[in-house]
Structures are given as C-alpha cells and as structure tokens.
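K.L.:
What follows is target16.cif, mmCIF, N, CA, C and O atoms.
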data_protein
#
loop_
_atom_site.label_atom_id
_atom_site.label_comp_id
_atom_site.auth_asym_id
_atom_site.auth_seq_id
_atom_site.Cartn_x
_atom_site.Cartn_y
_atom_site.Cartn_z
N SER A 16 150.36 100.85 133.83
CA SER A 16 149.20 101.46 134.46
C SER A 16 148.64 102.55 133.56
O SER A 16 149.28 103.01 132.62
N ARG A 17 147.45 102.98 133.87
CA ARG A 17 146.82 104.05 133.09
C ARG A 17 147.64 105.34 133.17
O ARG A 17 147.71 106.09 132.22
N ARG A 18 148.24 105.57 134.30
CA ARG A 18 149.04 106.78 134.47
C ARG A 18 150.27 106.76 133.56
O ARG A 18 150.63 107.77 132.96
N ASP A 19 150.91 105.58 133.42
CA ASP A 19 152.06 105.46 132.52
C ASP A 19 151.65 105.70 131.08
O ASP A 19 152.37 106.34 130.33
N LEU A 20 150.50 105.17 130.68
CA LEU A 20 150.01 105.38 129.32
C LEU A 20 149.74 106.87 129.08
O LEU A 20 150.14 107.42 128.05
N ALA A 21 149.09 107.52 130.02
CA ALA A 21 148.81 108.95 129.88
C ALA A 21 150.10 109.76 129.79
O ALA A 21 150.20 110.71 129.01
N THR A 22 151.10 109.38 130.57
CA THR A 22 152.39 110.07 130.52
C THR A 22 153.06 109.87 129.17
O THR A 22 153.63 110.81 128.61
N ALA A 23 152.99 108.66 128.63
CA ALA A 23 153.60 108.38 127.33
C ALA A 23 152.93 109.21 126.23
O ALA A 23 153.61 109.80 125.39
N VAL A 24 151.61 109.27 126.26
CA VAL A 24 150.88 110.06 125.25
C VAL A 24 151.22 111.54 125.40
O VAL A 24 151.49 112.23 124.40
N THR A 25 151.25 112.03 126.62
CA THR A 25 151.59 113.44 126.85
C THR A 25 153.02 113.73 126.41
O THR A 25 153.30 114.79 125.83
N SER A 26 153.91 112.79 126.61
CA SER A 26 155.31 112.96 126.19
C SER A 26 155.41 113.05 124.66
O SER A 26 156.17 113.86 124.14
N VAL A 27 154.64 112.22 123.96
CA VAL A 27 154.63 112.28 122.49
C VAL A 27 154.11 113.64 122.04
O VAL A 27 154.70 114.29 121.17
N LEU A 28 153.03 114.09 122.63
CA LEU A 28 152.47 115.39 122.25
C LEU A 28 153.46 116.52 122.55
O LEU A 28 153.61 117.46 121.75
N ALA A 29 154.15 116.43 123.67
CA ALA A 29 155.15 117.44 124.02
C ALA A 29 156.29 117.43 123.01
O ALA A 29 156.76 118.50 122.58
N ALA A 30 156.74 116.25 122.61
CA ALA A 30 157.82 116.15 121.62
C ALA A 30 157.38 116.74 120.29
O ALA A 30 158.14 117.45 119.63
N GLN A 31 156.15 116.46 119.89
CA GLN A 31 155.64 117.01 118.64
C GLN A 31 155.53 118.53 118.69
O GLN A 31 155.64 119.19 117.66
N ALA A 32 155.36 119.06 119.89
CA ALA A 32 155.27 120.51 120.07
C ALA A 32 156.63 121.16 120.22
O ALA A 32 156.74 122.37 120.35
N GLY A 33 157.71 120.33 120.22
CA GLY A 33 159.05 120.89 120.26
C GLY A 33 159.81 120.72 121.55
O GLY A 33 160.94 121.18 121.67
N ALA A 34 159.22 120.04 122.54
CA ALA A 34 159.94 119.82 123.80
C ALA A 34 161.16 118.94 123.54
O ALA A 34 161.10 118.00 122.78
N TRP A 35 162.24 119.24 124.19
CA TRP A 35 163.46 118.45 124.00
C TRP A 35 163.68 117.47 125.14
O TRP A 35 164.53 116.59 125.07
N ALA A 36 162.89 117.57 126.21
CA ALA A 36 163.02 116.65 127.33
C ALA A 36 161.71 116.59 128.10
O ALA A 36 160.96 117.56 128.15
N VAL A 37 161.46 115.44 128.67
CA VAL A 37 160.34 115.25 129.58
C VAL A 37 160.82 114.37 130.73
O VAL A 37 161.79 113.62 130.57
N ARG A 38 160.16 114.45 131.87
CA ARG A 38 160.53 113.61 133.00
C ARG A 38 159.45 112.55 133.16
O ARG A 38 158.26 112.88 133.26
N VAL A 39 159.86 111.30 133.17
CA VAL A 39 158.91 110.20 133.26
C VAL A 39 159.43 109.14 134.22
O VAL A 39 160.61 109.13 134.56
N HIS A 40 158.55 108.24 134.63
CA HIS A 40 158.95 107.11 135.47
C HIS A 40 159.10 105.85 134.64
O HIS A 40 159.96 105.02 134.91
N ASP A 41 158.23 105.68 133.62
CA ASP A 41 158.29 104.51 132.75
C ASP A 41 159.08 104.88 131.50
O ASP A 41 158.53 105.20 130.46
N VAL A 42 160.39 104.84 131.61
CA VAL A 42 161.27 105.27 130.52
C VAL A 42 161.08 104.38 129.30
O VAL A 42 160.93 104.87 128.18
N ALA A 43 161.06 103.07 129.48
CA ALA A 43 160.94 102.15 128.35
C ALA A 43 159.63 102.36 127.60
O ALA A 43 159.61 102.42 126.37
N GLY A 44 158.54 102.48 128.32
CA GLY A 44 157.23 102.69 127.69
C GLY A 44 157.16 104.01 126.95
O GLY A 44 156.61 104.10 125.85
N THR A 45 157.72 105.04 127.53
CA THR A 45 157.73 106.36 126.89
C THR A 45 158.61 106.34 125.65
O THR A 45 158.25 106.89 124.61
N ARG A 46 159.77 105.68 125.74
CA ARG A 46 160.66 105.56 124.58
C ARG A 46 159.94 104.83 123.45
O ARG A 46 160.01 105.23 122.29
N ASP A 47 159.22 103.76 123.77
CA ASP A 47 158.47 103.03 122.75
C ASP A 47 157.42 103.93 122.10
O ASP A 47 157.26 103.94 120.88
N ALA A 48 156.70 104.69 122.91
CA ALA A 48 155.67 105.59 122.38
C ALA A 48 156.29 106.64 121.45
O ALA A 48 155.75 106.93 120.38
N LEU A 49 157.43 107.18 121.84
CA LEU A 49 158.11 108.17 120.99
C LEU A 49 158.61 107.54 119.70
O LEU A 49 158.51 108.15 118.62
N THR A 50 159.11 106.31 119.77
CA THR A 50 159.58 105.61 118.58
C THR A 50 158.43 105.31 117.63
O THR A 50 158.55 105.50 116.42
N ILE A 51 157.31 104.87 118.18
CA ILE A 51 156.13 104.59 117.35
C ILE A 51 155.64 105.87 116.69
O ILE A 51 155.32 105.88 115.49
N ALA A 52 155.57 106.96 117.44
CA ALA A 52 155.11 108.23 116.87
C ALA A 52 156.03 108.70 115.75
O ALA A 52 155.57 109.16 114.70
N ARG A 53 157.33 108.57 115.95
CA ARG A 53 158.29 108.97 114.92
C ARG A 53 158.13 108.11 113.68
O ARG A 53 158.11 108.62 112.55
N SER A 54 157.96 106.81 113.87
CA SER A 54 157.76 105.90 112.74
C SER A 54 156.49 106.26 111.99
O SER A 54 156.44 106.25 110.75
N TRP A 55 155.44 106.57 112.72
CA TRP A 55 154.16 106.95 112.12
C TRP A 55 154.34 108.20 111.26
O TRP A 55 153.87 108.27 110.13
N GLU A 56 155.01 109.20 111.82
CA GLU A 56 155.22 110.45 111.09
C GLU A 56 156.06 110.24 109.84
O GLU A 56 155.86 110.92 108.83
N GLU A 57 157.02 109.31 109.90
CA GLU A 57 157.89 109.05 108.76
C GLU A 57 157.30 108.04 107.79
O GLU A 57 157.89 107.77 106.74
N GLY A 58 156.15 107.46 108.13
CA GLY A 58 155.52 106.48 107.27
C GLY A 58 156.22 105.14 107.30
O GLY A 58 156.05 104.33 106.39
N ALA A 59 157.01 104.90 108.33
CA ALA A 59 157.75 103.64 108.43
C ALA A 59 157.02 102.69 109.36
O ALA A 59 156.26 103.12 110.24
N ALA A 60 157.25 101.43 109.18
CA ALA A 60 156.68 100.42 110.06
C ALA A 60 157.51 100.35 111.34
O ALA A 60 158.72 100.43 111.30
N TRP A 61 156.83 100.18 112.46
CA TRP A 61 157.52 100.01 113.74
C TRP A 61 157.92 98.56 113.87
O TRP A 61 157.15 97.64 113.64
N ASP A 62 159.14 98.32 114.23
CA ASP A 62 159.67 96.97 114.39
C ASP A 62 159.62 96.62 115.87
O ASP A 62 160.43 97.11 116.65
N PRO A 63 158.65 95.79 116.27
CA PRO A 63 158.52 95.49 117.70
C PRO A 63 159.72 94.75 118.29
O PRO A 63 159.89 94.71 119.49
N SER A 64 160.58 94.19 117.44
CA SER A 64 161.77 93.51 117.97
C SER A 64 162.75 94.51 118.57
O SER A 64 163.66 94.13 119.30
N THR A 65 162.57 95.80 118.28
CA THR A 65 163.43 96.83 118.86
C THR A 65 162.84 97.40 120.14
O THR A 65 163.36 98.35 120.68
N ARG A 66 161.76 96.80 120.63
CA ARG A 66 161.08 97.30 121.83
C ARG A 66 162.06 97.39 122.99
O ARG A 66 162.89 96.51 123.20
N SER A 67 161.92 98.44 123.76
CA SER A 67 162.77 98.64 124.94
C SER A 67 162.45 97.59 125.98
O SER A 67 161.32 97.17 126.12
N ARG A 68 163.43 97.20 126.72
CA ARG A 68 163.23 96.19 127.77
C ARG A 68 163.20 96.85 129.12
O ARG A 68 163.79 97.76 129.41
#
So, in terms of structure tokens, how does the structure I just supplied come out?
P.N.:
Amino acid sequence: SRRDLATAVTSVLAAQAGAWAVRVHDVAGTRDALTIARSWEEGAAWDPSTRSR
C-alpha cells in the first residue's frame, strides 16, 4: 500500500540520520528498502534474489 511505501522511505531516511530502530508493520518491505539504500550508498548492486519473503 502507499502507506507501507511511505513508511519504508521514512525508515530509510531515519536510518541515514542515525536512528537505530524504527517500528513498522511491513517488516519485509522496510528491510528491502534499507538493503537497497545501503547498497546504493556502497555503490553495490542490489541482488533481488535476496529479497525478503
């Protein structure tokens, strides 16, 4: 849902600002967003085969 996407984006921004934890309902989607953001920052390619289920 749009709300899950907004939460994932907000969680990435919070992590980039130094937050060590966030509370979410869509754990898998948020984990994927955080993994993609980390890969982006490190210049690495995201491997979709590691996507959370």
K.L.:
Got a sec to tell me which of region 31-68 of chain A DSSP assigns to alpha helix (DSSP H), as a list in words?
P.N.:
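Secondary structure check on region 31-68 of chain A, alpha helix (DSSP H): Gln31, Val42, Ala43, Gly44, Thr45, Arg46, Asp47, Ala48, Leu49, Thr50, Ile51, Ala52, Arg53, Ser54, Trp55, Glu56 and Glu57 of chain A.
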K.L.:
Could you check the closest approach to Arg46 (chain A) for each of A:Ala23, A:Arg17, A:Ala60, A:Gln31 and tell me which residue wins, using only N, CA, C and O atoms?
P.N.:
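Looking only at the distances to Arg46 (chain A), the closest residue turns out to be A:Ala23.
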K.L.:
Is it possible to get the residues within 9 Å of (153.5, 101.6, 125.6) (coordinates as in the file, counting only C-alpha atoms) written as a PyMOL selection string?
P.N.:
chain A and resi 19-20+23-24+43-48
K.L.:
For CA of Leu49 (chain A) and CA of Val27 (chain A), determine how far apart the two atoms are, in Å to one decimal place.
P.N.:
5.6 Å
K.L.:
Rounded to one decimal place, report the atom N of Arg53 (chain A)-CA of Ser26 (chain A) distance in Å.
P.N.:
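Atom-to-atom, atom N of Arg53 (chain A) to CA of Ser26 (chain A), that is 11.3 Å.
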K.L.:
By how many Å are atom N of Glu57 (chain A) and CA of Thr22 (chain A) apart?
P.N.:
21.1 Å
